[in-house]
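S.K.: My structure is below; once you've seen it, I'll send some questions.
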Number of protein chains: 2
Amino acid sequence: MNLQVVAIRDAREAPITLSQPSLSSVFDRQPLERFDAGSAVFWEGDDAAHLFQVTDGMLRAVRLLSDGRRIIVGFLRPGDLLGVSLKERYLYTIEAITPVALRRLSRRRFEEEIRRQPQLRDQLFSRLCDEMTAAQDQTVLLSRRSADEKVANFLLMMSRDEFGNCTRILDIPMTRLDMADYLGMTIETVSRTITKLTNSGIITATGRRSMMVLKMDALRSLADGDNGENWLLPTGSRYATA
Amino acid sequence: MNLQVVAIRDAREAPITLSQPSLSSVFDRQPLERFDAGSAVFWEGDDAAHLFQVTDGMLRAVRLLSDGRRIIVGFLRPGDLLGVSLKERYLYTIEAITPVALRRLSRRRFEEEIRRQPQLRDQLFSRLCDEMTAAQDQTVLLSRRSADEKVANFLLMMSRDEFGNCTRILDIPMTRLDMADYLGMTIETVSRTITKLTNSGIITATGRRSMMVLKMDALRSLADGDNGENWLLPTGSRYATA
DNA sequence: CGGATTCTTGAGAGCTGTCAATCGTTGTGG
DNA sequence: CCACAACGATTGACAGCTCTCAAGAATCCG
C-alpha cells in the first residue's frame with residue numbers, strides 16, 4: 001500500500017524469464033549501497049538524478065509542510081523502487097528507518113533502459129496505475145476513518161510481507177511519531193489505540209518494536225470499520241455499542 | 001486538483017502544433033454526447049470500455065464503501081479526461097452534476113492511438129505523474145487539516161478556471177453533501193464553516209449556488225493553515241490565538 | 001549509573017459528528 | 001396565484017473523539 005510516485009512495487013506474481021526483463025532487473029548489476037538508520041538517501045527538493053531499488057531494510061518518505069507539519073507519505077520495503085518521477089526534483093525526503101541496502105541507477109540510464117525496452121515502460125505504466133488506486137485507498141483511510149480503524153489498517157499493512165503473505169508476528173521498526181505522521185494522528189492517540197488493542201486481546205507486545213496478532217479476524221473487522229460488534233473488553237463490555 | 005486516474009487534465013500551457021497532436025485531440029472528431037444533471041455516465045464496476053473527454057459541465061467521481069459511506073474522489077471539468085485506467089473495470093461512478101457534454105472514445109481505439117503516437121504515451125505518462133502528486137496533496141489536505149482549511153482549499157480550487165486562472169466569482173454547482181463527501185466532513189460542518197467565512201467577510205453569497213471572494217489573501221492564508229492571525233471577527237476577536 | 005529519548009498515561013479543552021428542528025427554495029398541482 | 005410537499009441548507013444542543021499539555025514510566029546508550 002505504498003503511495004504513488006513514492007514507491008513502485010515490482011510485480012512479483014509472474015516469474016520473469018530472461019527474455020522478459022522486469023523493472024527491477026535493470027538494477028541487478030548495480031553495487032549495493034548501505035545507509036545507517038536515520039540517514040537520508042535524498043532530500044525533498046534535491047535534483048532527481050537517481051532512482052533506487054530497496055534491497056534490504058525499511059525507509060520512510062517524508063514531506064514537510066510550510067507550517068512545520070511533518071507527513072509520512074509512505075514506508076518503503078525491499079523490492080520497492082523509489083525516486084520514480086518525471087519531475088526535476090524529488091518531492092519528498094527519503095530516510096532510512098533501519099539500516100538499509102539499496103541499488104542505485106542514474107535517472108538517465110533508467111530512462112534509457114525504459115526507452116530501449118517498451119515492455120518496461122508498460123510495466124512502469126501499469127505500476128503507476130496500481131499505485132494511484134492505492135493512493136486513493138490511503139486517502140479514504142485518512143479522511144474518513146477513526147483512530148481504531150487507522151491503526152488496525154496500519155497493523156494489517158505491516159503484517160503483510162514483501163510477497164503479500166500475512167504474518168501474525170509483526171516487526172514495527174518505526175517510531176510512534178512515524179506512525180502518527182503516516183496516519184494523520186498524534187503519538188498519544190496512536191499509543192492509546194495500541195494499548196486498547198492490547199487490552200482487548202487482539203494483539204500482544206512481544207518486544208519493544210515487535211508484536212503478535214492474537215485475533216486476526218477481530219483486527220480485520222476493525223480495519224473495515226465493523227464497529228458494531230463490541231470487540232473491546234471480552235468481559236465487562238463498558239463500550240457496548242449495540 | 002483532480003485525483004489520480006479519475007481525471008487526466010490535458011496540457012494547456014504549450015500551444016499544440018498540427019504535427020504534435022495532444023491527448024485531447026484524439027477526441028476531436030467524436031460527436032458530442034449530452035447527459036442530464038444527476039445522470040450517470042458509467043458505474044463503478046462497469047466494464048471499462050470507453051474513455052471520455054469533458055467538453056462542458058461538471059461531474060463527480062463517486063466511490064461507495066462497503067459500509068455505505070460515500071466518497072467523492074474528484075470533480076471533473078471541461079478538458080478533463082475520464083476513464084483512463086489499465087484496469088478491466090471502472091473504479092468509480094461518474095455522475096453529472098450539471099448538464100454535461102462529452103466526447104466518447106472506445107478504449108480499444110484510444111489505446112491504438114496511444115500505441116501509434118509515442119508522444120501521446122509520453123503525455124499520458126507525464127499527466128499520470130502530475131495527477132499522482134495532486135493525489136498526494138489531496139491526501140495531506142484530508143488527513144491533517146481542519147474544517148476551515150479544507151473548505152478554504154476547496155473554494156480556492158473552485159476559484160480556478162480550467163486554464164488555472166483565479167477568479168473571485170465562484171460557481172459552486174455541487175451540493176453540500178458533495179462537498180462534504182469530497183472533504184471528508186459532514187454537511188453540517190461544511191455549512192457552519194461557510195457561514196463562518198461569510199460572517200468574517202471573506203466571502204459573500206451572491207446566489208444560491210454562487211459566491212464571491214472578498215478577501216482572497218485571507219482565504220489563501222486560511223488554506224495554508226496560517227491560523228495565527230485571527231482572521232475571524234474583525235472586531236471583538238473572541239478567537240484571538242496570539 | 002545517568003541522561004536522553006521514546007512511550008505511556010492522565011486531565012482537560014476544542015473540534016467535529018450526531019440528532020433534531022427550522023428555514024428557504026424549488027417544483028407541483030389545485 | 002397560492003398552497004403544499006420535497007429537498008437542501010442552516011442552526012442549535014449535545015456527546016464523543018481526538019488533540020493539547022503535562023507528568024511519569026520504560027528503554028536505550030553512553
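Within each chain, counting starts at residue 1; across the C-alpha cells, chains are named A, B, ... in the order shown, with ligands numbered 1 upward in that order.
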May I have the residues within 9 Å of segment 5-19 of chain D as a PyMOL selection string, using only C-alpha atoms (C1' of nucleotides) and disregarding those fewer than 4 positions away in the same chain?

M.R.: (chain A and resi 146-147+185-186+188-189) or (chain B and resi 175-176+187-188+191-192+195) or (chain C and resi 13-28)

S.K.: List the neighbours of segment 94-105 of chain B out to 7 Å using only C-alpha atoms (C1' of nucleotides); skip same-chain residues closer than 6 positions along the sequence, and give me the result as a CSV table (one decimal) with N, CA and C atoms, in the first residue's frame.

M.R.:
```csv
chain,number,residue,atom,x,y,z
B,27,PHE,N,-9.9,13.0,-29.4
B,27,PHE,CA,-11.3,13.0,-29.2
B,27,PHE,C,-12.1,14.0,-30.2
B,30,GLN,N,-15.0,13.0,-32.5
B,30,GLN,CA,-16.1,12.3,-31.9
B,30,GLN,C,-17.3,13.2,-31.7
B,31,PRO,N,-18.5,12.7,-31.8
B,31,PRO,CA,-19.7,13.6,-31.7
B,31,PRO,C,-19.9,13.9,-30.2
B,32,LEU,N,-20.6,15.0,-30.0
B,32,LEU,CA,-20.9,15.4,-28.6
B,32,LEU,C,-22.0,14.5,-28.0
B,33,GLU,N,-21.8,14.1,-26.8
B,33,GLU,CA,-22.9,13.4,-26.1
B,33,GLU,C,-23.3,14.2,-24.9
B,34,ARG,N,-24.6,14.3,-24.7
B,34,ARG,CA,-25.1,15.1,-23.6
B,34,ARG,C,-25.7,14.2,-22.5
B,35,PHE,N,-25.5,14.6,-21.3
B,35,PHE,CA,-26.1,13.9,-20.1
B,35,PHE,C,-26.8,15.0,-19.3
B,36,ASP,N,-28.0,14.6,-18.8
B,36,ASP,CA,-28.7,15.4,-17.8
B,36,ASP,C,-28.0,15.5,-16.5
B,37,ALA,N,-28.3,16.6,-15.8
B,37,ALA,CA,-27.8,16.7,-14.4
B,37,ALA,C,-28.4,15.5,-13.6
B,38,GLY,N,-27.5,14.9,-12.8
B,38,GLY,CA,-27.9,13.7,-12.0
B,38,GLY,C,-27.8,12.4,-12.6
B,39,SER,N,-27.6,12.3,-13.9
B,39,SER,CA,-27.5,11.0,-14.6
B,39,SER,C,-26.0,10.6,-14.5
B,40,ALA,N,-25.9,9.3,-14.7
B,40,ALA,CA,-24.5,8.7,-14.6
B,40,ALA,C,-24.0,8.4,-16.0
B,41,VAL,N,-22.7,8.6,-16.1
B,41,VAL,CA,-22.0,8.3,-17.4
B,41,VAL,C,-21.6,6.9,-17.4
B,42,PHE,N,-21.1,6.4,-16.3
B,42,PHE,CA,-20.8,5.0,-16.1
B,42,PHE,C,-20.7,4.7,-14.6
B,43,TRP,N,-20.9,3.4,-14.3
B,43,TRP,CA,-20.9,3.0,-12.9
B,43,TRP,C,-19.7,2.3,-12.5
B,50,HIS,N,-14.9,2.5,-22.4
B,50,HIS,CA,-14.8,3.8,-23.1
B,50,HIS,C,-14.0,4.8,-22.2
B,51,LEU,N,-13.4,5.8,-22.9
B,51,LEU,CA,-12.9,7.0,-22.3
B,51,LEU,C,-13.7,8.2,-22.7
B,52,PHE,N,-13.7,9.2,-21.9
B,52,PHE,CA,-14.5,10.4,-22.2
B,52,PHE,C,-13.6,11.6,-22.0
B,53,GLN,N,-13.9,12.6,-22.8
B,53,GLN,CA,-13.4,13.9,-22.6
B,53,GLN,C,-14.5,14.9,-22.3
B,54,VAL,N,-14.3,15.6,-21.2
B,54,VAL,CA,-15.4,16.5,-20.8
B,54,VAL,C,-15.3,17.8,-21.7
B,55,THR,N,-16.4,18.2,-22.3
B,55,THR,CA,-16.4,19.4,-23.1
B,55,THR,C,-17.1,20.5,-22.4
B,56,ASP,N,-18.2,20.1,-21.6
B,56,ASP,CA,-18.9,21.2,-20.9
B,56,ASP,C,-19.6,20.6,-19.7
B,57,GLY,N,-19.7,21.4,-18.7
B,57,GLY,CA,-20.4,21.0,-17.4
B,57,GLY,C,-19.4,20.4,-16.4
B,58,MET,N,-20.0,20.0,-15.3
B,58,MET,CA,-19.2,19.4,-14.2
B,58,MET,C,-19.8,18.1,-13.7
B,59,LEU,N,-18.8,17.2,-13.4
B,59,LEU,CA,-19.2,15.8,-13.0
B,59,LEU,C,-18.5,15.5,-11.7
B,60,ARG,N,-19.0,14.4,-11.0
B,60,ARG,CA,-18.3,14.0,-9.8
B,60,ARG,C,-18.0,12.5,-10.0
B,61,ALA,N,-16.9,12.1,-9.4
B,61,ALA,CA,-16.4,10.7,-9.4
B,61,ALA,C,-16.7,10.2,-8.0
B,62,VAL,N,-17.5,9.2,-7.9
B,62,VAL,CA,-18.1,8.7,-6.6
B,62,VAL,C,-17.6,7.2,-6.3
B,173,PRO,N,-21.6,24.4,-8.4
B,173,PRO,CA,-22.8,23.6,-8.8
B,173,PRO,C,-23.1,22.5,-7.9
B,174,MET,N,-22.2,22.0,-7.1
B,174,MET,CA,-22.4,20.8,-6.3
B,174,MET,C,-23.1,21.1,-5.0
```

S.K.: Taking the DSSP secondary structure from the backbone, can you list the residues of segment 3-186 of chain B that are strand (DSSP E or B), as an MDAnalysis selection string?

M.R.: chainID B and resid 7:9 32:35 40:42 47 50:56 59:64 70:76 80:82 89 93:96 100:106 160 166 169:171

S.K.: Output N, CA and C atoms of each residue in that selection to a file, as a short mmCIF file (atom, residue, chain, number, x, y, z; two decimals), in the first residue's frame.

M.R.:
```
data_model
loop_
_atom_site.label_atom_id
_atom_site.label_comp_id
_atom_site.auth_asym_id
_atom_site.auth_seq_id
_atom_site.Cartn_x
_atom_site.Cartn_y
_atom_site.Cartn_z
N ALA B 7 -9.19 11.73 -13.30
CA ALA B 7 -9.22 12.72 -14.37
C ALA B 7 -7.81 13.09 -14.77
N ILE B 8 -7.58 13.06 -16.03
CA ILE B 8 -6.29 13.46 -16.54
C ILE B 8 -6.48 14.78 -17.25
N ARG B 9 -5.95 15.79 -16.63
CA ARG B 9 -6.12 17.12 -17.22
C ARG B 9 -5.12 17.31 -18.35
N LEU B 32 -20.57 15.01 -29.96
CA LEU B 32 -20.89 15.41 -28.59
C LEU B 32 -22.02 14.54 -28.04
N GLU B 33 -21.85 14.08 -26.82
CA GLU B 33 -22.93 13.37 -26.15
C GLU B 33 -23.34 14.18 -24.94
N ARG B 34 -24.64 14.28 -24.71
CA ARG B 34 -25.11 15.10 -23.60
C ARG B 34 -25.75 14.24 -22.52
N PHE B 35 -25.52 14.63 -21.28
CA PHE B 35 -26.13 13.94 -20.14
C PHE B 35 -26.83 14.96 -19.26
N ALA B 40 -25.86 9.27 -14.69
CA ALA B 40 -24.54 8.66 -14.58
C ALA B 40 -23.97 8.39 -15.96
N VAL B 41 -22.69 8.64 -16.12
CA VAL B 41 -22.01 8.34 -17.38
C VAL B 41 -21.61 6.87 -17.39
N PHE B 42 -21.05 6.42 -16.27
CA PHE B 42 -20.83 4.98 -16.08
C PHE B 42 -20.75 4.68 -14.60
N ASP B 47 -17.70 -2.51 -17.07
CA ASP B 47 -16.60 -2.80 -17.98
C ASP B 47 -16.02 -1.48 -18.49
N HIS B 50 -14.86 2.49 -22.39
CA HIS B 50 -14.76 3.78 -23.06
C HIS B 50 -13.99 4.80 -22.24
N LEU B 51 -13.43 5.78 -22.94
CA LEU B 51 -12.88 6.97 -22.29
C LEU B 51 -13.69 8.17 -22.74
N PHE B 52 -13.71 9.17 -21.92
CA PHE B 52 -14.49 10.37 -22.23
C PHE B 52 -13.64 11.62 -22.01
N GLN B 53 -13.93 12.61 -22.84
CA GLN B 53 -13.36 13.91 -22.61
C GLN B 53 -14.48 14.88 -22.29
N VAL B 54 -14.35 15.60 -21.21
CA VAL B 54 -15.39 16.54 -20.81
C VAL B 54 -15.27 17.79 -21.67
N THR B 55 -16.38 18.15 -22.30
CA THR B 55 -16.42 19.36 -23.12
C THR B 55 -17.11 20.49 -22.37
N ASP B 56 -18.16 20.14 -21.64
CA ASP B 56 -18.91 21.19 -20.95
C ASP B 56 -19.59 20.60 -19.72
N LEU B 59 -18.84 17.18 -13.40
CA LEU B 59 -19.24 15.84 -12.96
C LEU B 59 -18.53 15.50 -11.66
N ARG B 60 -19.01 14.44 -11.04
CA ARG B 60 -18.35 13.96 -9.83
C ARG B 60 -18.00 12.49 -9.98
N ALA B 61 -16.87 12.11 -9.38
CA ALA B 61 -16.45 10.71 -9.35
C ALA B 61 -16.71 10.17 -7.96
N VAL B 62 -17.55 9.16 -7.87
CA VAL B 62 -18.06 8.68 -6.59
C VAL B 62 -17.62 7.24 -6.35
N ARG B 63 -17.22 6.98 -5.12
CA ARG B 63 -16.98 5.59 -4.71
C ARG B 63 -17.83 5.28 -3.49
N LEU B 64 -18.36 4.08 -3.43
CA LEU B 64 -19.14 3.67 -2.28
C LEU B 64 -18.36 2.63 -1.50
N ARG B 70 -20.05 7.20 1.43
CA ARG B 70 -19.94 7.68 0.07
C ARG B 70 -18.75 8.63 0.00
N ILE B 71 -17.93 8.43 -0.98
CA ILE B 71 -16.73 9.25 -1.11
C ILE B 71 -16.66 9.85 -2.49
N ILE B 72 -16.47 11.13 -2.55
CA ILE B 72 -16.26 11.76 -3.85
C ILE B 72 -14.77 11.90 -4.09
N VAL B 73 -14.31 11.21 -5.10
CA VAL B 73 -12.88 11.15 -5.34
C VAL B 73 -12.39 12.38 -6.08
N GLY B 74 -13.26 13.02 -6.80
CA GLY B 74 -12.85 14.22 -7.51
C GLY B 74 -14.00 14.81 -8.30
N PHE B 75 -13.81 16.03 -8.73
CA PHE B 75 -14.77 16.69 -9.60
C PHE B 75 -14.11 16.89 -10.96
N LEU B 76 -14.90 16.78 -12.00
CA LEU B 76 -14.36 16.84 -13.36
C LEU B 76 -14.91 18.04 -14.11
N ASP B 80 -10.99 17.74 -18.89
CA ASP B 80 -10.56 16.54 -18.19
C ASP B 80 -10.88 15.29 -19.01
N LEU B 81 -9.99 14.32 -18.88
CA LEU B 81 -10.25 13.01 -19.45
C LEU B 81 -10.72 12.10 -18.33
N LEU B 82 -11.63 11.22 -18.61
CA LEU B 82 -12.05 10.30 -17.55
C LEU B 82 -12.20 8.90 -18.09
N ARG B 89 -12.18 -2.77 -15.13
CA ARG B 89 -13.45 -2.17 -14.75
C ARG B 89 -13.24 -0.78 -14.17
N THR B 93 -17.99 5.61 -9.92
CA THR B 93 -19.14 6.03 -10.72
C THR B 93 -18.98 7.49 -11.09
N ILE B 94 -19.30 7.80 -12.33
CA ILE B 94 -19.26 9.19 -12.77
C ILE B 94 -20.68 9.70 -12.96
N GLU B 95 -21.01 10.77 -12.24
CA GLU B 95 -22.35 11.34 -12.33
C GLU B 95 -22.24 12.81 -12.74
N ALA B 96 -23.20 13.23 -13.56
CA ALA B 96 -23.23 14.63 -13.97
C ALA B 96 -23.82 15.48 -12.86
N VAL B 100 -24.10 18.04 -18.93
CA VAL B 100 -22.73 17.97 -19.44
C VAL B 100 -22.72 17.52 -20.89
N ALA B 101 -21.61 17.84 -21.52
CA ALA B 101 -21.37 17.36 -22.87
C ALA B 101 -20.01 16.66 -22.89
N LEU B 102 -19.99 15.46 -23.47
CA LEU B 102 -18.77 14.66 -23.50
C LEU B 102 -18.50 14.18 -24.92
N ARG B 103 -17.23 13.82 -25.12
CA ARG B 103 -16.88 13.09 -26.34
C ARG B 103 -16.36 11.73 -25.91
N ARG B 104 -16.81 10.71 -26.60
CA ARG B 104 -16.51 9.35 -26.20
C ARG B 104 -15.55 8.69 -27.18
N LEU B 105 -14.69 7.84 -26.64
CA LEU B 105 -13.79 7.07 -27.49
C LEU B 105 -13.69 5.67 -26.89
N SER B 106 -13.75 4.67 -27.73
CA SER B 106 -13.61 3.33 -27.18
C SER B 106 -12.19 3.15 -26.68
N ARG B 160 -10.38 28.49 -9.44
CA ARG B 160 -9.52 28.41 -10.62
C ARG B 160 -10.32 27.88 -11.78
N CYS B 166 -7.30 32.52 -11.70
CA CYS B 166 -8.03 32.65 -10.46
C CYS B 166 -9.14 33.70 -10.60
N ILE B 169 -15.24 35.28 -8.55
CA ILE B 169 -16.63 34.83 -8.56
C ILE B 169 -16.65 33.32 -8.74
N LEU B 170 -17.24 32.66 -7.75
CA LEU B 170 -17.23 31.21 -7.77
C LEU B 170 -18.59 30.66 -8.16
N ASP B 171 -18.52 29.64 -8.99
CA ASP B 171 -19.71 28.89 -9.34
C ASP B 171 -19.59 27.53 -8.66
#
```

S.K.: Excluding DG10 of chain C and any residue of its chain fewer than 6 positions from it, enumerate the residues within 10 Å of it, using only C-alpha atoms (C1' of nucleotides), and give them as a ChimeraX atom specification.

M.R.: /D:22-24

S.K.: For those residues, write C-alpha atoms (C1' of nucleotides) to a file as a PDB file, in the first residue's frame.

M.R.:
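Final output, saved to again.pdb:
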```
ATOM      1  C1'  DA D  22       1.775  17.672  31.263  1.00  0.00           C
ATOM      2  C1'  DA D  23       3.834  14.248  34.070  1.00  0.00           C
ATOM      3  C1'  DG D  24       5.706   9.849  34.743  1.00  0.00           C
TER       4       DG D  24
END
```

S.K.: Assign secondary structure with DSSP using the backbone only, and return the residues of segment 48-189 of chain B in alpha helix (DSSP H) as a ChimeraX atom specification.

M.R.: /B:107-116,118-144,147-159,176-183,187-189

S.K.: Name the residues in contact with Gly45 of chain B at a cut-off of 8 Å, using only C-alpha atoms (C1' of nucleotides), excluding same-chain residues fewer than 6 positions from it; report them as number ranges by chain.

M.R.: B: 89-92

S.K.: Determine, counting only C-alpha atoms (C1' of nucleotides), which protein, DNA and RNA residues have an atom within 12 Å of an atom of DG29 of chain C; residues of the same chain fewer than 5 positions away are not included. Present the result as a PyMOL selection string.

M.R.: chain D and resi 2-5

S.K.: Of the candidates A:Leu124, A:Val190, A:Met179, A:Ala205, which one gets nearest to chain D if we count only C-alpha atoms (C1' of nucleotides)?

M.R.: A:Val190

S.K.: So which residues touch DG3 of chain C within 12 Å, counting only C-alpha atoms (C1' of nucleotides), skipping near sequence neighbours fewer than 4 positions away, as a ChimeraX atom specification?

M.R.: /D:28-30

S.K.: Considering only C-alpha atoms, extract the chain B residues located within 8 Å of chain A and return them as a compact mmCIF listing (two decimals) with N, CA, C and O atoms, in the first residue's frame.

M.R.:
```
# COMPACT_ATOMS: atom_id res chain seq x y z
N LEU B 3 -8.16 13.93 -8.89
CA LEU B 3 -7.47 12.79 -8.33
C LEU B 3 -7.10 11.76 -9.38
O LEU B 3 -7.92 11.32 -10.15
N GLN B 4 -5.85 11.41 -9.38
CA GLN B 4 -5.39 10.15 -9.95
C GLN B 4 -5.97 9.78 -11.29
O GLN B 4 -6.07 10.56 -12.18
N VAL B 5 -6.34 8.50 -11.38
CA VAL B 5 -6.86 8.00 -12.64
C VAL B 5 -8.20 8.62 -12.94
O VAL B 5 -8.73 8.48 -14.02
N ASP B 67 -19.36 -0.17 3.88
CA ASP B 67 -20.26 0.16 4.98
C ASP B 67 -21.25 1.26 4.59
O ASP B 67 -21.95 1.80 5.45
N ILE B 71 -17.93 8.43 -0.98
CA ILE B 71 -16.73 9.25 -1.11
C ILE B 71 -16.66 9.85 -2.49
O ILE B 71 -16.82 9.15 -3.50
N VAL B 73 -14.31 11.21 -5.10
CA VAL B 73 -12.88 11.15 -5.34
C VAL B 73 -12.39 12.38 -6.08
O VAL B 73 -11.23 12.76 -5.98
N SER B 85 -7.45 4.19 -17.40
CA SER B 85 -7.07 3.15 -16.45
C SER B 85 -6.56 1.95 -17.22
O SER B 85 -6.90 1.75 -18.37
N LEU B 86 -5.77 1.16 -16.57
CA LEU B 86 -5.36 -0.10 -17.17
C LEU B 86 -6.16 -1.25 -16.57
O LEU B 86 -5.88 -2.41 -16.82
N PHE B 125 1.70 9.60 -19.68
CA PHE B 125 2.57 9.24 -18.58
C PHE B 125 2.86 10.44 -17.71
O PHE B 125 2.75 10.41 -16.48
N SER B 126 3.21 11.49 -18.36
CA SER B 126 3.51 12.73 -17.62
C SER B 126 2.30 13.20 -16.84
O SER B 126 2.40 13.62 -15.68
N LEU B 128 -0.13 11.38 -15.73
CA LEU B 128 -0.35 10.47 -14.61
C LEU B 128 0.51 10.88 -13.42
O LEU B 128 0.06 10.90 -12.29
N CYS B 129 1.76 11.24 -13.71
CA CYS B 129 2.65 11.66 -12.65
C CYS B 129 2.13 12.92 -11.97
O CYS B 129 2.12 13.03 -10.74
N MET B 132 -0.69 12.12 -9.75
CA MET B 132 -0.31 11.43 -8.53
C MET B 132 0.19 12.40 -7.47
O MET B 132 -0.11 12.24 -6.29
N THR B 133 0.93 13.38 -7.88
CA THR B 133 1.35 14.37 -6.89
C THR B 133 0.14 15.15 -6.39
O THR B 133 0.05 15.49 -5.20
N ALA B 135 -2.77 13.86 -6.06
CA ALA B 135 -3.41 12.94 -5.13
C ALA B 135 -2.71 12.99 -3.77
O ALA B 135 -3.34 12.94 -2.72
N GLN B 136 -1.40 13.12 -3.80
CA GLN B 136 -0.63 13.24 -2.56
C GLN B 136 -1.08 14.47 -1.78
O GLN B 136 -1.30 14.41 -0.58
N GLN B 138 -3.91 15.97 -1.99
CA GLN B 138 -5.25 15.75 -1.51
C GLN B 138 -5.23 14.91 -0.24
O GLN B 138 -5.97 15.17 0.71
N THR B 139 -4.36 13.91 -0.22
CA THR B 139 -4.21 13.08 0.96
C THR B 139 -3.82 13.93 2.16
O THR B 139 -4.39 13.81 3.24
N VAL B 140 -2.86 14.81 1.95
CA VAL B 140 -2.43 15.70 3.02
C VAL B 140 -3.58 16.57 3.48
O VAL B 140 -3.84 16.72 4.67
N LEU B 142 -6.72 16.08 3.38
CA LEU B 142 -7.78 15.39 4.09
C LEU B 142 -7.33 14.91 5.46
O LEU B 142 -8.11 14.85 6.40
N SER B 143 -6.07 14.57 5.57
CA SER B 143 -5.65 13.90 6.80
C SER B 143 -5.24 14.87 7.89
O SER B 143 -5.38 14.60 9.05
N ARG B 144 -4.73 16.01 7.53
CA ARG B 144 -4.07 16.82 8.53
C ARG B 144 -4.62 18.22 8.65
O ARG B 144 -3.97 19.09 9.22
N LEU B 183 -14.54 16.34 1.02
CA LEU B 183 -13.59 16.85 2.00
C LEU B 183 -13.50 15.98 3.26
O LEU B 183 -12.70 16.27 4.15
N GLY B 184 -14.32 14.94 3.31
CA GLY B 184 -14.29 14.10 4.49
C GLY B 184 -14.87 14.79 5.71
O GLY B 184 -14.31 14.73 6.79
N ASP B 224 -3.68 27.73 3.78
CA ASP B 224 -2.33 27.27 4.10
C ASP B 224 -2.17 26.95 5.58
O ASP B 224 -1.10 26.54 6.01
N GLY B 225 -3.24 27.18 6.33
CA GLY B 225 -3.16 26.85 7.74
C GLY B 225 -2.59 27.95 8.61
O GLY B 225 -2.28 27.73 9.77
N ASP B 226 -2.45 29.15 8.05
CA ASP B 226 -1.97 30.28 8.85
C ASP B 226 -3.12 30.75 9.72
O ASP B 226 -3.84 31.68 9.40
```

S.K.: Counting only C-alpha atoms (C1' of nucleotides), collect the residues of chain C whose closest atom lies at most 12 Å from chain A, and write them out as a compact mmCIF listing (two decimals) with N, CA and C atoms (P, O5', C5', C4', C3', O3' and C1' of nucleotides), in the first residue's frame.

M.R.:
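File produced: out_2.txt:
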```txt
# COMPACT_ATOMS: atom_id res chain seq x y z
P DT C 5 17.91 13.75 23.15
O5' DT C 5 16.92 12.55 22.80
C5' DT C 5 17.47 11.29 22.42
C4' DT C 5 16.42 10.22 22.54
C3' DT C 5 15.05 10.59 21.94
O3' DT C 5 14.78 9.72 20.86
C1' DT C 5 14.83 9.52 24.05
P DT C 6 13.46 9.94 19.97
O5' DT C 6 12.47 8.84 20.57
C5' DT C 6 12.96 7.52 20.79
C4' DT C 6 11.95 6.73 21.59
C3' DT C 6 10.51 6.86 21.10
O3' DT C 6 10.00 5.57 20.86
C1' DT C 6 10.63 7.20 23.44
P DC C 7 8.53 5.34 20.24
O5' DC C 7 7.65 5.02 21.54
C5' DC C 7 8.07 3.97 22.41
C4' DC C 7 7.23 4.01 23.67
C3' DC C 7 5.72 4.08 23.43
O3' DC C 7 5.11 2.91 23.95
C1' DC C 7 6.43 5.60 25.13
P DT C 8 3.55 2.69 23.84
O5' DT C 8 3.02 3.25 25.24
C5' DT C 8 3.54 2.69 26.44
C4' DT C 8 3.03 3.45 27.64
C3' DT C 8 1.52 3.55 27.75
O3' DT C 8 1.12 2.92 28.97
C1' DT C 8 2.54 5.64 28.16
P DT C 9 -0.38 2.50 29.23
O5' DT C 9 -0.95 3.75 30.05
C5' DT C 9 -0.29 4.15 31.24
C4' DT C 9 -0.75 5.53 31.66
C3' DT C 9 -2.27 5.77 31.62
O3' DT C 9 -2.75 5.87 32.95
C1' DT C 9 -1.00 7.64 30.85
P DG C 10 -4.28 6.04 33.26
O5' DG C 10 -4.41 7.62 33.47
C5' DG C 10 -3.58 8.26 34.42
C4' DG C 10 -3.81 9.75 34.40
C3' DG C 10 -5.28 10.18 34.29
O3' DG C 10 -5.61 11.04 35.38
C1' DG C 10 -3.94 11.34 32.71
P DG C 17 -16.92 16.09 10.95
O5' DG C 17 -17.86 15.19 11.90
C5' DG C 17 -17.29 14.03 12.50
C4' DG C 17 -18.34 13.30 13.32
C3' DG C 17 -19.62 12.94 12.56
O3' DG C 17 -20.06 11.65 12.96
C1' DG C 17 -20.14 14.40 14.37
```

S.K.: Mind pulling up the distance from atom CA of Ile194 of chain A to atom CA of Gly164 of chain A?

M.R.: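 Between atom CA of Gly164 of chain A and atom CA of Ile194 of chain A the gap is 23.4 Å.
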